[in-house]
file query-v7.pdb (PDB, C-alpha atoms)
ATOM      1  CA  MET A   1      11.726 -18.781  -3.997
ATOM      2  CA  ILE A   2      15.316 -18.628  -2.819
ATOM      3  CA  ARG A   3      16.370 -17.592  -6.301
ATOM      4  CA  THR A   4      13.947 -14.677  -6.408
ATOM      5  CA  LEU A   5      15.076 -13.661  -2.918
ATOM      6  CA  ILE A   6      18.702 -13.688  -4.055
ATOM      7  CA  ARG A   7      17.853 -11.783  -7.203
ATOM      8  CA  SER A   8      15.777  -9.077  -5.515
ATOM      9  CA  GLN A   9      17.764  -8.671  -2.307
ATOM     10  CA  TRP A  10      21.297  -9.501  -3.395
ATOM     11  CA  LEU A  11      22.692  -6.243  -2.069
ATOM     12  CA  LEU A  12      21.223  -6.883   1.385
ATOM     13  CA  LEU A  13      22.661 -10.405   1.339
ATOM     14  CA  VAL A  14      26.083  -9.076   0.307
ATOM     15  CA  THR A  15      25.948  -6.494   3.094
ATOM     16  CA  VAL A  16      24.960  -9.081   5.695
ATOM     17  CA  ALA A  17      27.762 -11.361   4.488
ATOM     18  CA  LEU A  18      30.271  -8.483   4.729
ATOM     19  CA  TYR A  19      29.126  -7.772   8.286
ATOM     20  CA  LEU A  20      29.417 -11.443   9.286
ATOM     21  CA  TRP A  21      32.945 -11.439   7.912
ATOM     22  CA  ALA A  22      33.737  -8.134   9.625
ATOM     23  CA  PHE A  23      32.392  -9.353  12.980
ATOM     24  CA  ALA A  24      34.501 -12.499  12.655
ATOM     25  CA  VAL A  25      37.706 -10.599  11.822
ATOM     26  CA  ALA A  26      37.365  -7.375  13.808
ATOM     27  CA  PRO A  27      34.284  -7.402  16.028
ATOM     28  CA  GLU A  28      34.935  -3.989  17.549
ATOM     29  CA  ARG A  29      35.323  -2.180  14.232
ATOM     30  CA  ALA A  30      32.356  -4.080  12.806
ATOM     31  CA  GLY A  31      30.303  -2.820  15.745
ATOM     32  CA  ASN A  32      31.483   0.737  14.986
ATOM     33  CA  ALA A  33      30.472   0.342  11.362
ATOM     34  CA  LEU A  34      27.037  -0.957  12.325
ATOM     35  CA  ALA A  35      26.543   1.893  14.772
ATOM     36  CA  MET A  36      27.586   4.485  12.169
ATOM     37  CA  GLY A  37      25.330   2.986   9.523
ATOM     38  CA  ALA A  38      22.389   2.849  11.897
ATOM     39  CA  GLY A  39      23.064   6.401  13.097
ATOM     40  CA  THR A  40      23.117   7.745   9.540
ATOM     41  CA  PHE A  41      19.946   5.852   8.716
ATOM     42  CA  ALA A  42      18.193   7.173  11.821
ATOM     43  CA  SER A  43      19.192  10.746  11.009
ATOM     44  CA  VAL A  44      17.656  10.638   7.512
ATOM     45  CA  LEU A  45      14.697   8.398   8.257
ATOM     46  CA  LEU A  46      12.252  11.283   8.788
ATOM     47  CA  LEU A  47      13.427  12.878   5.564
ATOM     48  CA  ILE A  48      13.012   9.628   3.657
ATOM     49  CA  VAL A  49       9.493   9.141   5.019
ATOM     50  CA  ALA A  50       8.610  12.715   4.008
ATOM     51  CA  VAL A  51      10.081  12.262   0.536
ATOM     52  CA  PHE A  52       8.016   9.138   0.014
ATOM     53  CA  GLY A  53       4.927  11.036   1.109
ATOM     54  CA  LEU A  54       5.727  13.474  -1.693
ATOM     55  CA  VAL A  55       6.377  10.617  -4.108
ATOM     56  CA  GLY A  56       2.889   9.287  -3.367
ATOM     57  CA  LEU A  57       1.285  12.686  -3.890
ATOM     58  CA  LEU A  58       3.110  13.292  -7.166
ATOM     59  CA  GLN A  59       2.345   9.836  -8.489
ATOM     60  CA  VAL A  60      -1.377  10.316  -7.956
ATOM     61  CA  TRP A  61      -1.726  13.957  -8.991
ATOM     62  CA  ILE A  62       0.876  13.877 -11.764
ATOM     63  CA  SER A  63       0.445  10.313 -12.911
ATOM     64  CA  ARG A  64       2.738   8.549 -15.358
ATOM     65  CA  GLU A  65      -0.152   8.586 -17.834
ATOM     66  CA  LEU A  66      -0.375  12.364 -17.593
ATOM     67  CA  ILE A  67       3.364  12.670 -18.142
ATOM     68  CA  VAL A  68       3.121  10.465 -21.216
ATOM     69  CA  ARG A  69       0.297  12.609 -22.584
ATOM     70  CA  LEU A  70       2.317  15.776 -21.969
ATOM     71  CA  LEU A  71       5.337  14.280 -23.700
ATOM     72  CA  GLY A  72       3.358  13.124 -26.692
ATOM     73  CA  ARG A  73       1.594  16.417 -27.283
ATOM     74  CA  GLU A  74       4.456  18.823 -27.867
ATOM     75  CA  GLY A  75       7.052  18.713 -30.584
ATOM     76  CA  GLY A  76       9.748  21.314 -31.070
ATOM     77  CA  ILE A  77      11.878  22.963 -28.422
ATOM     78  CA  LYS A  78       8.985  23.188 -25.993
ATOM     79  CA  GLY A  79       8.590  19.422 -26.176
ATOM     80  CA  LEU A  80      12.278  18.986 -25.361
ATOM     81  CA  LEU A  81      11.988  21.255 -22.327
ATOM     82  CA  VAL A  82       8.891  19.396 -21.144
ATOM     83  CA  ALA A  83      10.830  16.142 -21.552
ATOM     84  CA  ALA A  84      13.684  17.470 -19.398
ATOM     85  CA  LEU A  85      11.219  18.451 -16.673
ATOM     86  CA  CYS A  86       9.296  15.171 -16.863
ATOM     87  CA  GLY A  87      12.482  13.155 -16.486
ATOM     88  CA  THR A  88      13.280  14.889 -13.207
ATOM     89  CA  LEU A  89       9.833  14.003 -11.795
ATOM     90  CA  LEU A  90       9.426  10.477 -13.149
ATOM     91  CA  ILE A  91      10.105   7.729 -10.628
ATOM     92  CA  GLY A  92      10.268   4.023 -11.100
ATOM     93  CA  PRO A  93      12.541   1.148 -12.002
ATOM     94  CA  ALA A  94      13.774   0.506 -15.547
ATOM     95  CA  TYR A  95      11.245  -2.242 -16.174
ATOM     96  CA  ILE A  96       8.424   0.274 -15.827
ATOM     97  CA  ILE A  97      10.059   3.346 -17.381
ATOM     98  CA  PHE A  98      11.476   1.720 -20.549
ATOM     99  CA  PRO A  99       8.207   0.188 -21.820
ATOM    100  CA  LEU A 100       6.375   3.408 -20.957
ATOM    101  CA  LEU A 101       8.785   5.444 -23.073
ATOM    102  CA  MET A 102       8.739   2.892 -25.869
ATOM    103  CA  SER A 103       4.953   3.155 -26.118
ATOM    104  CA  LEU A 104       5.500   6.888 -26.443
ATOM    105  CA  GLN A 105       8.033   6.408 -29.212
ATOM    106  CA  LYS A 106       5.616   4.154 -31.078
ATOM    107  CA  GLN A 107       3.037   6.914 -30.878
ATOM    108  CA  GLY A 108       5.490   9.141 -32.700
ATOM    109  CA  ALA A 109       7.603  10.799 -29.995
ATOM    110  CA  ARG A 110      11.120  11.788 -31.065
ATOM    111  CA  TRP A 111      14.189   9.789 -30.010
ATOM    112  CA  ALA A 112      15.473  13.055 -28.547
ATOM    113  CA  VAL A 113      12.498  13.169 -26.175
ATOM    114  CA  ILE A 114      13.096   9.581 -24.989
ATOM    115  CA  THR A 115      16.799  10.237 -24.426
ATOM    116  CA  ILE A 116      16.194  13.545 -22.654
ATOM    117  CA  VAL A 117      13.776  11.887 -20.230
ATOM    118  CA  LEU A 118      16.283   9.114 -19.515
ATOM    119  CA  THR A 119      19.114  11.633 -18.980
ATOM    120  CA  SER A 120      17.296  14.167 -16.816
ATOM    121  CA  TYR A 121      16.008  11.137 -14.913
ATOM    122  CA  ALA A 122      19.341  11.399 -13.079
ATOM    123  CA  VAL A 123      17.945  14.407 -11.214
ATOM    124  CA  LYS A 124      15.090  13.671  -8.836
ATOM    125  CA  LEU A 125      13.366  16.887  -7.802
ATOM    126  CA  GLN A 126      11.432  15.187  -5.016
ATOM    127  CA  MET A 127      14.654  13.751  -3.539
ATOM    128  CA  ILE A 128      16.698  16.960  -3.563
ATOM    129  CA  PRO A 129      16.450  17.406   0.243
ATOM    130  CA  ILE A 130      18.062  13.991   0.689
ATOM    131  CA  GLU A 131      20.821  14.742  -1.803
ATOM    132  CA  VAL A 132      21.454  18.056  -0.042
ATOM    133  CA  GLY A 133      21.622  16.237   3.301
ATOM    134  CA  PHE A 134      24.438  14.013   2.072
ATOM    135  CA  LEU A 135      26.230  16.214  -0.440
ATOM    136  CA  GLY A 136      25.352  19.825   0.379
ATOM    137  CA  TRP A 137      23.627  22.593  -1.564
ATOM    138  CA  PRO A 138      26.435  23.682  -3.949
ATOM    139  CA  PHE A 139      27.034  20.127  -5.164
ATOM    140  CA  THR A 140      23.342  19.259  -5.466
ATOM    141  CA  LEU A 141      22.297  22.426  -7.271
ATOM    142  CA  SER A 142      25.247  22.393  -9.680
ATOM    143  CA  ARG A 143      24.652  18.756 -10.487
ATOM    144  CA  ALA A 144      20.930  19.280 -11.074
ATOM    145  CA  ILE A 145      21.413  22.309 -13.326
ATOM    146  CA  LEU A 146      24.228  20.691 -15.317
ATOM    147  CA  THR A 147      22.323  17.446 -15.779
ATOM    148  CA  VAL A 148      19.158  19.084 -17.045
ATOM    149  CA  THR A 149      21.136  21.451 -19.301
ATOM    150  CA  LEU A 150      23.203  18.628 -20.777
ATOM    151  CA  ALA A 151      20.125  16.418 -21.255
ATOM    152  CA  ILE A 152      18.882  18.374 -24.289
ATOM    153  CA  PRO A 153      22.082  18.290 -26.384
ATOM    154  CA  THR A 154      22.487  14.630 -25.388
ATOM    155  CA  GLY A 155      19.005  13.893 -26.724
ATOM    156  CA  LEU A 156      19.636  15.744 -29.969
ATOM    157  CA  LEU A 157      22.959  13.976 -30.473
ATOM    158  CA  VAL A 158      21.463  10.513 -29.927
ATOM    159  CA  GLU A 159      18.598  11.386 -32.256
ATOM    160  CA  ALA A 160      20.947  12.633 -34.988
ATOM    161  CA  LEU A 161      22.966   9.423 -34.752
ATOM    162  CA  MET A 162      19.787   7.299 -34.754
ATOM    163  CA  GLU A 163      18.546   8.935 -37.926
ATOM    164  CA  ARG A 164      21.803   8.778 -39.825
ATOM    165  CA  ARG A 165      21.320   5.127 -40.580
ATOM    166  CA  GLN A 166      17.984   5.767 -42.204
ATOM    167  CA  LEU A 167      19.467   8.147 -44.788
TER     168      LEU A 167
ATOM    169  CA  MET B   1      19.521  16.480   9.045
ATOM    170  CA  LEU B   2      16.997  15.440  11.660
ATOM    171  CA  LEU B   3      15.642  18.998  11.770
ATOM    172  CA  VAL B   4      15.464  19.242   7.981
ATOM    173  CA  GLY B   5      13.627  15.939   7.947
ATOM    174  CA  PHE B   6      11.205  17.184  10.561
ATOM    175  CA  ILE B   7      10.475  20.409   8.655
ATOM    176  CA  TYR B   8      10.053  18.521   5.408
ATOM    177  CA  LEU B   9       7.733  16.009   7.059
ATOM    178  CA  LEU B  10       5.680  18.885   8.454
ATOM    179  CA  LEU B  11       5.417  20.477   4.989
ATOM    180  CA  ILE B  12       4.391  17.254   3.290
ATOM    181  CA  GLY B  13       2.006  16.490   6.143
ATOM    182  CA  SER B  14       0.242  19.830   5.676
ATOM    183  CA  ALA B  15       0.148  19.244   1.928
ATOM    184  CA  TYR B  16      -1.659  15.974   2.670
ATOM    185  CA  LEU B  17      -4.163  17.791   4.874
ATOM    186  CA  VAL B  18      -4.911  20.226   2.056
ATOM    187  CA  PHE B  19      -5.232  17.444  -0.519
ATOM    188  CA  PHE B  20      -7.426  15.404   1.822
ATOM    189  CA  SER B  21      -9.932  18.234   1.915
ATOM    190  CA  ILE B  22      -9.850  18.480  -1.898
ATOM    191  CA  ASN B  23     -10.026  14.805  -2.725
ATOM    192  CA  PRO B  24      -9.924  12.262   0.129
ATOM    193  CA  GLN B  25      -9.950   9.253  -2.160
ATOM    194  CA  LYS B  26      -6.942  10.346  -4.217
ATOM    195  CA  SER B  27      -5.087  11.329  -1.064
ATOM    196  CA  ARG B  28      -5.638   7.911   0.491
ATOM    197  CA  GLN B  29      -4.250   6.436  -2.711
ATOM    198  CA  SER B  30      -1.204   8.719  -2.385
ATOM    199  CA  LEU B  31      -0.610   7.530   1.165
ATOM    200  CA  LYS B  32      -0.919   3.936   0.035
ATOM    201  CA  ILE B  33       1.583   4.416  -2.790
ATOM    202  CA  ALA B  34       3.932   6.223  -0.408
ATOM    203  CA  GLY B  35       3.753   3.410   2.159
ATOM    204  CA  GLN B  36       4.110   0.640  -0.386
ATOM    205  CA  SER B  37       7.093   2.201  -2.159
ATOM    206  CA  LEU B  38       8.798   2.822   1.156
ATOM    207  CA  ILE B  39       8.275  -0.734   2.402
ATOM    208  CA  LYS B  40       9.443  -2.159  -0.917
ATOM    209  CA  LEU B  41      12.605  -0.098  -0.703
ATOM    210  CA  LEU B  42      13.298  -0.781   2.981
ATOM    211  CA  PRO B  43      15.573  -3.844   2.579
ATOM    212  CA  LEU B  44      17.642  -1.923   0.047
ATOM    213  CA  LEU B  45      17.918   1.083   2.361
ATOM    214  CA  VAL B  46      19.057  -1.158   5.209
ATOM    215  CA  ALA B  47      21.694  -2.607   2.872
ATOM    216  CA  ILE B  48      22.863   0.816   1.689
ATOM    217  CA  PHE B  49      23.207   2.288   5.162
ATOM    218  CA  GLY B  50      24.890  -0.895   6.326
ATOM    219  CA  LEU B  51      27.390  -0.402   3.498
ATOM    220  CA  VAL B  52      27.842   3.262   4.390
ATOM    221  CA  GLY B  53      28.853   2.183   7.906
ATOM    222  CA  LEU B  54      31.280  -0.398   6.534
ATOM    223  CA  PHE B  55      32.727   2.205   4.145
ATOM    224  CA  GLN B  56      33.301   4.687   6.942
ATOM    225  CA  GLU B  57      34.986   2.158   9.187
ATOM    226  CA  PHE B  58      36.896  -0.056   6.782
ATOM    227  CA  LEU B  59      37.464   1.797   3.519
ATOM    228  CA  PRO B  60      40.959   3.258   3.824
ATOM    229  CA  PRO B  61      40.918   6.947   2.835
ATOM    230  CA  GLN B  62      44.266   6.455   1.074
ATOM    231  CA  LEU B  63      42.598   3.953  -1.232
ATOM    232  CA  VAL B  64      39.689   6.301  -1.993
ATOM    233  CA  SER B  65      41.943   9.264  -2.665
ATOM    234  CA  LYS B  66      44.238   7.113  -4.774
ATOM    235  CA  TRP B  67      41.411   5.935  -7.052
ATOM    236  CA  LEU B  68      38.891   8.752  -6.791
ATOM    237  CA  GLY B  69      40.970  11.628  -5.447
ATOM    238  CA  GLU B  70      41.627  14.914  -7.200
ATOM    239  CA  SER B  71      45.266  13.981  -7.782
ATOM    240  CA  SER B  72      44.143  11.131 -10.045
ATOM    241  CA  GLY B  73      42.350  13.645 -12.267
ATOM    242  CA  PHE B  74      40.764  12.161 -15.347
ATOM    243  CA  LEU B  75      41.330   8.602 -14.132
ATOM    244  CA  ALA B  76      39.216   9.389 -11.057
ATOM    245  CA  LEU B  77      36.385  10.630 -13.285
ATOM    246  CA  LEU B  78      36.621   7.503 -15.401
ATOM    247  CA  ILE B  79      36.613   5.192 -12.376
ATOM    248  CA  GLY B  80      33.673   7.052 -10.830
ATOM    249  CA  ALA B  81      31.622   6.845 -14.008
ATOM    250  CA  ALA B  82      32.544   3.179 -14.568
ATOM    251  CA  ALA B  83      31.586   2.217 -11.002
ATOM    252  CA  GLY B  84      28.263   3.988 -11.457
ATOM    253  CA  ALA B  85      27.610   2.235 -14.753
ATOM    254  CA  ILE B  86      28.105  -1.199 -13.202
ATOM    255  CA  ALA B  87      26.150  -0.436 -10.022
ATOM    256  CA  ILE B  88      22.405  -0.566 -10.132
ATOM    257  CA  GLY B  89      19.816   0.843  -7.771
ATOM    258  CA  PRO B  90      17.397   3.684  -7.222
ATOM    259  CA  PRO B  91      18.700   7.292  -7.126
ATOM    260  CA  LEU B  92      17.972   7.432  -3.404
ATOM    261  CA  ALA B  93      20.646   4.823  -2.721
ATOM    262  CA  ALA B  94      23.329   6.731  -4.635
ATOM    263  CA  TYR B  95      23.381   9.781  -2.345
ATOM    264  CA  PRO B  96      24.497   8.184   0.949
ATOM    265  CA  LEU B  97      27.174   6.168  -0.866
ATOM    266  CA  ALA B  98      28.359   9.278  -2.700
ATOM    267  CA  GLY B  99      28.408  11.180   0.584
ATOM    268  CA  SER B 100      30.614   8.596   2.255
ATOM    269  CA  LEU B 101      32.974   8.613  -0.734
ATOM    270  CA  ILE B 102      33.404  12.394  -0.479
ATOM    271  CA  ALA B 103      33.905  12.092   3.281
ATOM    272  CA  ALA B 104      36.704   9.601   2.570
ATOM    273  CA  GLY B 105      38.442  12.077   0.264
ATOM    274  CA  ALA B 106      36.984  11.460  -3.180
ATOM    275  CA  TRP B 107      37.037  14.307  -5.701
ATOM    276  CA  PRO B 108      33.501  15.817  -6.038
ATOM    277  CA  PRO B 109      33.555  15.782  -9.893
ATOM    278  CA  ALA B 110      34.340  12.052  -9.831
ATOM    279  CA  VAL B 111      31.496  11.530  -7.367
ATOM    280  CA  ALA B 112      29.102  13.534  -9.570
ATOM    281  CA  ALA B 113      30.074  11.323 -12.516
ATOM    282  CA  PHE B 114      29.419   8.313 -10.276
ATOM    283  CA  ILE B 115      25.883   9.483  -9.360
ATOM    284  CA  LEU B 116      25.013  10.391 -12.928
ATOM    285  CA  SER B 117      26.130   7.164 -14.488
ATOM    286  CA  TRP B 118      24.616   5.223 -11.546
ATOM    287  CA  ILE B 119      21.235   6.523 -12.611
ATOM    288  CA  SER B 120      21.441   7.034 -16.357
ATOM    289  CA  VAL B 121      23.921   4.372 -17.512
ATOM    290  CA  GLY B 122      23.113   0.754 -16.805
ATOM    291  CA  ILE B 123      25.259  -2.118 -17.963
ATOM    292  CA  ILE B 124      22.981  -4.573 -16.156
ATOM    293  CA  THR B 125      19.803  -3.072 -17.636
ATOM    294  CA  LEU B 126      21.406  -2.763 -21.107
ATOM    295  CA  PRO B 127      19.963  -6.043 -22.445
ATOM    296  CA  PHE B 128      16.488  -4.982 -21.356
ATOM    297  CA  GLU B 129      16.929  -1.523 -22.870
ATOM    298  CA  ALA B 130      18.112  -3.090 -26.130
ATOM    299  CA  GLN B 131      15.144  -5.414 -26.154
ATOM    300  CA  THR B 132      12.751  -2.508 -25.600
ATOM    301  CA  PHE B 133      14.223   0.194 -27.837
ATOM    302  CA  GLY B 134      16.526  -1.765 -30.126
ATOM    303  CA  GLY B 135      20.244  -2.385 -29.768
ATOM    304  CA  ARG B 136      21.375   0.692 -31.678
ATOM    305  CA  PHE B 137      19.516   3.121 -29.456
ATOM    306  CA  ALA B 138      20.525   1.322 -26.250
ATOM    307  CA  LEU B 139      24.232   1.360 -27.145
ATOM    308  CA  LEU B 140      24.207   4.946 -28.408
ATOM    309  CA  ARG B 141      22.281   6.253 -25.422
ATOM    310  CA  ASN B 142      24.344   4.465 -22.788
ATOM    311  CA  GLY B 143      27.625   5.300 -24.520
ATOM    312  CA  ILE B 144      26.807   8.979 -24.873
ATOM    313  CA  SER B 145      25.346   9.153 -21.346
ATOM    314  CA  PHE B 146      28.618   7.729 -20.019
ATOM    315  CA  ILE B 147      30.559  10.517 -21.724
ATOM    316  CA  VAL B 148      28.025  13.091 -20.520
ATOM    317  CA  ALA B 149      28.422  11.817 -16.934
ATOM    318  CA  ILE B 150      32.169  12.517 -17.151
ATOM    319  CA  LEU B 151      31.599  15.884 -18.833
ATOM    320  CA  CYS B 152      29.071  16.852 -16.173
ATOM    321  CA  GLY B 153      31.572  15.924 -13.464
ATOM    322  CA  LEU B 154      34.228  18.105 -15.106
ATOM    323  CA  LEU B 155      31.871  21.078 -15.411
ATOM    324  CA  LEU B 156      30.774  20.607 -11.801
ATOM    325  CA  GLY B 157      34.420  20.862 -10.794
ATOM    326  CA  LEU B 158      34.553  24.252 -12.512
ATOM    327  CA  LEU B 159      31.350  25.446 -10.823
ATOM    328  CA  LEU B 160      32.189  24.413  -7.259
TER     329      LEU B 160
END
call {"tool": "encode", "arguments": {"input": "query-v7.pdb", "output": "C-alpha cells"}}
result
Amino acid sequence: MIRTLIRSQWLLLVTVALYLWAFAVAPERAGNALAMGAGTFASVLLLIVAVFGLVGLLQVWISRELIVRLLGREGGIKGLLVAALCGTLLIGPAYIIFPLLMSLQKQGARWAVITIVLTSYAVKLQMIPIEVGFLGWPFTLSRAILTVTLAIPTGLLVEALMERRQL
Amino acid sequence: MLLVGFIYLLLIGSAYLVFFSINPQKSRQSLKIAGQSLIKLLPLLVAIFGLVGLFQEFLPPQLVSKWLGESSGFLALLIGAAAGAIAIGPPLAAYPLAGSLIAAGAWPPAVAAFILSWISVGIITLPFEAQTFGGRFALLRNGISFIVAILCGLLLGLLL
C-alpha cells in the first residue's frame, strides 16, 4: 500500500518534503512560498473546474471509441489531418492512450497516424484557457499552431523511417 | 484569471444545461467523469501549485536565466527539452510550471520546448511505449519528437 502511494503520489511527497525542509531552514520564506502557491491555485481553481466539466462532456459525446473509428476510417491526407485534430482532443495517461493507438495500428492504421496523434497530443484544445492564463495568448496560440503543423511532417518522417527496414 | 474562470464556468454550465435537456443520462455521466478526473488529479495539482510557490520564492532568477535564459541560446532550448523529457505528468501541470519559469526570466522558446517534450517525449514511459509499439517505433518517435520540440521552440521565438 505504501509502495503504491509512493508510486502514484511521489510528486506530492517530494513537494511536502521540500516544504518541511524550507520551513525548517527559512520559515518566513517558506510561508511566502505556500501563500503564493495557494494564491495561484485559488485564482485558477474555477477555470480548472470548468475545464474538467468540458473534459467530461467531450469524453461522453466524443468518446475515445468514436475517435478510434474516425482515425481508422480515413487514409490519405484527410486521415492525417483528422489524426492531428484527434490528438489535440484526446485526454488520458499513457497507459490508456498507447494500447488504444496500438489496437488502431493492428487494424491497419498508418504509423504516421499514430505518431501524429502522439505529437499533436501536446496541444490540448480543452485546456487552452488555462494555458492562456499562465502563458498568455501569443505564446499559447503560436505553440498550438506550430505543434499541430509540425505533427504531420513528424508523422511522415517516423513512418518513412519505420518502413525503411522492411525494404 | 478569476474572471476568465468565472466566464468559462458559466459557459460550460450553460452547455451542461443544454445537454441535460437533450440527454440527461449522458450528461450525468459527463458530470461524473468530470468529477472523478478532477478528484484523481487533485493531489497532483496541490503538488504542482506547491512547487510553483517554492519556485517563485526560492528559485534564484539568476539561475533560471543562466540555464534557460535567452543569452544561453541553443543550450537553453536543449535544457528545456531535456527537462521536459525527464518530467512526467499531465499537460495541465506543465502550464503553471512553465509560467513560473518565464516569470523567473526563462526564454519563451526554451519554455515551449519544455512543454512540448513534457507532453510528447517520455523517458519514463519509454519502456511501456516500446512494449506496446515495439522498440524501433518508440525510439524513433521519442527521438524525433525531442528534435521537433526544440524546432518548435525556435520557430516560436521567431513568431513572438
call {"tool": "residues_around", "arguments": {"input": "query-v7.pdb", "residues": "Gly80 in chain B", "least_positions_apart": "4", "cutoff": "12 Å", "atoms": "all atoms listed in the file", "output": "count of residues only"}}
result
38
call {"tool": "resolve_selection", "arguments": {"input": "query-v7.pdb", "expression": "the ChimeraX specification (/A :<7) & /B", "output": "tab-separated table (two decimals) with C-alpha atoms, keeping the file's coordinate frame"}}
result
chain	number	residue	atom	x	y	z
B	1	MET	CA	19.52	16.48	9.04
B	2	LEU	CA	17.00	15.44	11.66
B	5	GLY	CA	13.63	15.94	7.95
B	6	PHE	CA	11.20	17.18	10.56
B	8	TYR	CA	10.05	18.52	5.41
B	9	LEU	CA	7.73	16.01	7.06
B	12	ILE	CA	4.39	17.25	3.29
B	26	LYS	CA	-6.94	10.35	-4.22
B	30	SER	CA	-1.20	8.72	-2.38
B	31	LEU	CA	-0.61	7.53	1.16
B	33	ILE	CA	1.58	4.42	-2.79
B	34	ALA	CA	3.93	6.22	-0.41
B	38	LEU	CA	8.80	2.82	1.16
B	43	PRO	CA	15.57	-3.84	2.58
B	44	LEU	CA	17.64	-1.92	0.05
B	47	ALA	CA	21.69	-2.61	2.87
B	49	PHE	CA	23.21	2.29	5.16
B	50	GLY	CA	24.89	-0.90	6.33
B	51	LEU	CA	27.39	-0.40	3.50
B	52	VAL	CA	27.84	3.26	4.39
B	53	GLY	CA	28.85	2.18	7.91
B	54	LEU	CA	31.28	-0.40	6.53
B	56	GLN	CA	33.30	4.69	6.94
B	57	GLU	CA	34.99	2.16	9.19
B	95	TYR	CA	23.38	9.78	-2.35
B	96	PRO	CA	24.50	8.18	0.95
B	99	GLY	CA	28.41	11.18	0.58
B	112	ALA	CA	29.10	13.53	-9.57
B	116	LEU	CA	25.01	10.39	-12.93
B	119	ILE	CA	21.24	6.52	-12.61
B	120	SER	CA	21.44	7.03	-16.36
B	129	GLU	CA	16.93	-1.52	-22.87
B	132	THR	CA	12.75	-2.51	-25.60
B	133	PHE	CA	14.22	0.19	-27.84
B	137	PHE	CA	19.52	3.12	-29.46
B	140	LEU	CA	24.21	4.95	-28.41
B	141	ARG	CA	22.28	6.25	-25.42
B	152	CYS	CA	29.07	16.85	-16.17
B	156	LEU	CA	30.77	20.61	-11.80
B	159	LEU	CA	31.35	25.45	-10.82
B	160	LEU	CA	32.19	24.41	-7.26
call {"tool": "atom_distance", "arguments": {"input": "query-v7.pdb", "atom1": "CA of Leu104 in chain A", "atom2": "CA of Ala130 in chain B"}}
result
16.1 Å
call {"tool": "atom_distance", "arguments": {"input": "query-v7.pdb", "atom1": "CA of Thr125 in chain B", "atom2": "CA of Ile144 in chain B"}}
result
15.7 Å
call {"tool": "atom_distance", "arguments": {"input": "query-v7.pdb", "atom1": "CA of Ala104 in chain B", "atom2": "CA of Lys66 in chain B"}}
result
10.8 Å
call {"tool": "decode", "arguments": {"input": "query-v7.pdb", "residues": "range 126-152 of chain B", "atoms": "C-alpha atoms", "output": "short mmCIF file (atom, residue, chain, number, x, y, z; two decimals), in the first residue's frame"}}
result
data_model
loop_
_atom_site.label_atom_id
_atom_site.label_comp_id
_atom_site.auth_asym_id
_atom_site.auth_seq_id
_atom_site.Cartn_x
_atom_site.Cartn_y
_atom_site.Cartn_z
CA LEU B 126 9.63 4.80 -22.96
CA PRO B 127 9.76 1.17 -21.77
CA PHE B 128 5.97 0.99 -21.86
CA GLU B 129 5.84 2.59 -25.30
CA ALA B 130 8.45 0.12 -26.56
CA GLN B 131 6.49 -2.76 -25.13
CA THR B 132 3.30 -1.55 -26.82
CA PHE B 133 4.57 -0.42 -30.22
CA GLY B 134 7.97 -2.08 -30.45
CA GLY B 135 11.37 -0.63 -29.60
CA ARG B 136 12.10 0.79 -33.04
CA PHE B 137 8.98 2.92 -33.16
CA ALA B 138 9.35 4.07 -29.54
CA LEU B 139 12.95 5.21 -30.05
CA LEU B 140 12.29 6.84 -33.42
CA ARG B 141 9.19 8.65 -32.22
CA ASN B 142 10.68 9.94 -28.98
CA GLY B 143 13.95 10.91 -30.66
CA ILE B 144 12.25 12.80 -33.46
CA SER B 145 9.71 14.38 -31.08
CA PHE B 146 12.62 15.66 -28.98
CA ILE B 147 14.10 17.37 -32.04
CA VAL B 148 10.67 18.69 -33.03
CA ALA B 149 10.21 20.15 -29.53
CA ILE B 150 13.43 22.15 -29.99
CA LEU B 151 12.48 23.15 -33.54
CA CYS B 152 9.05 24.26 -32.38
#
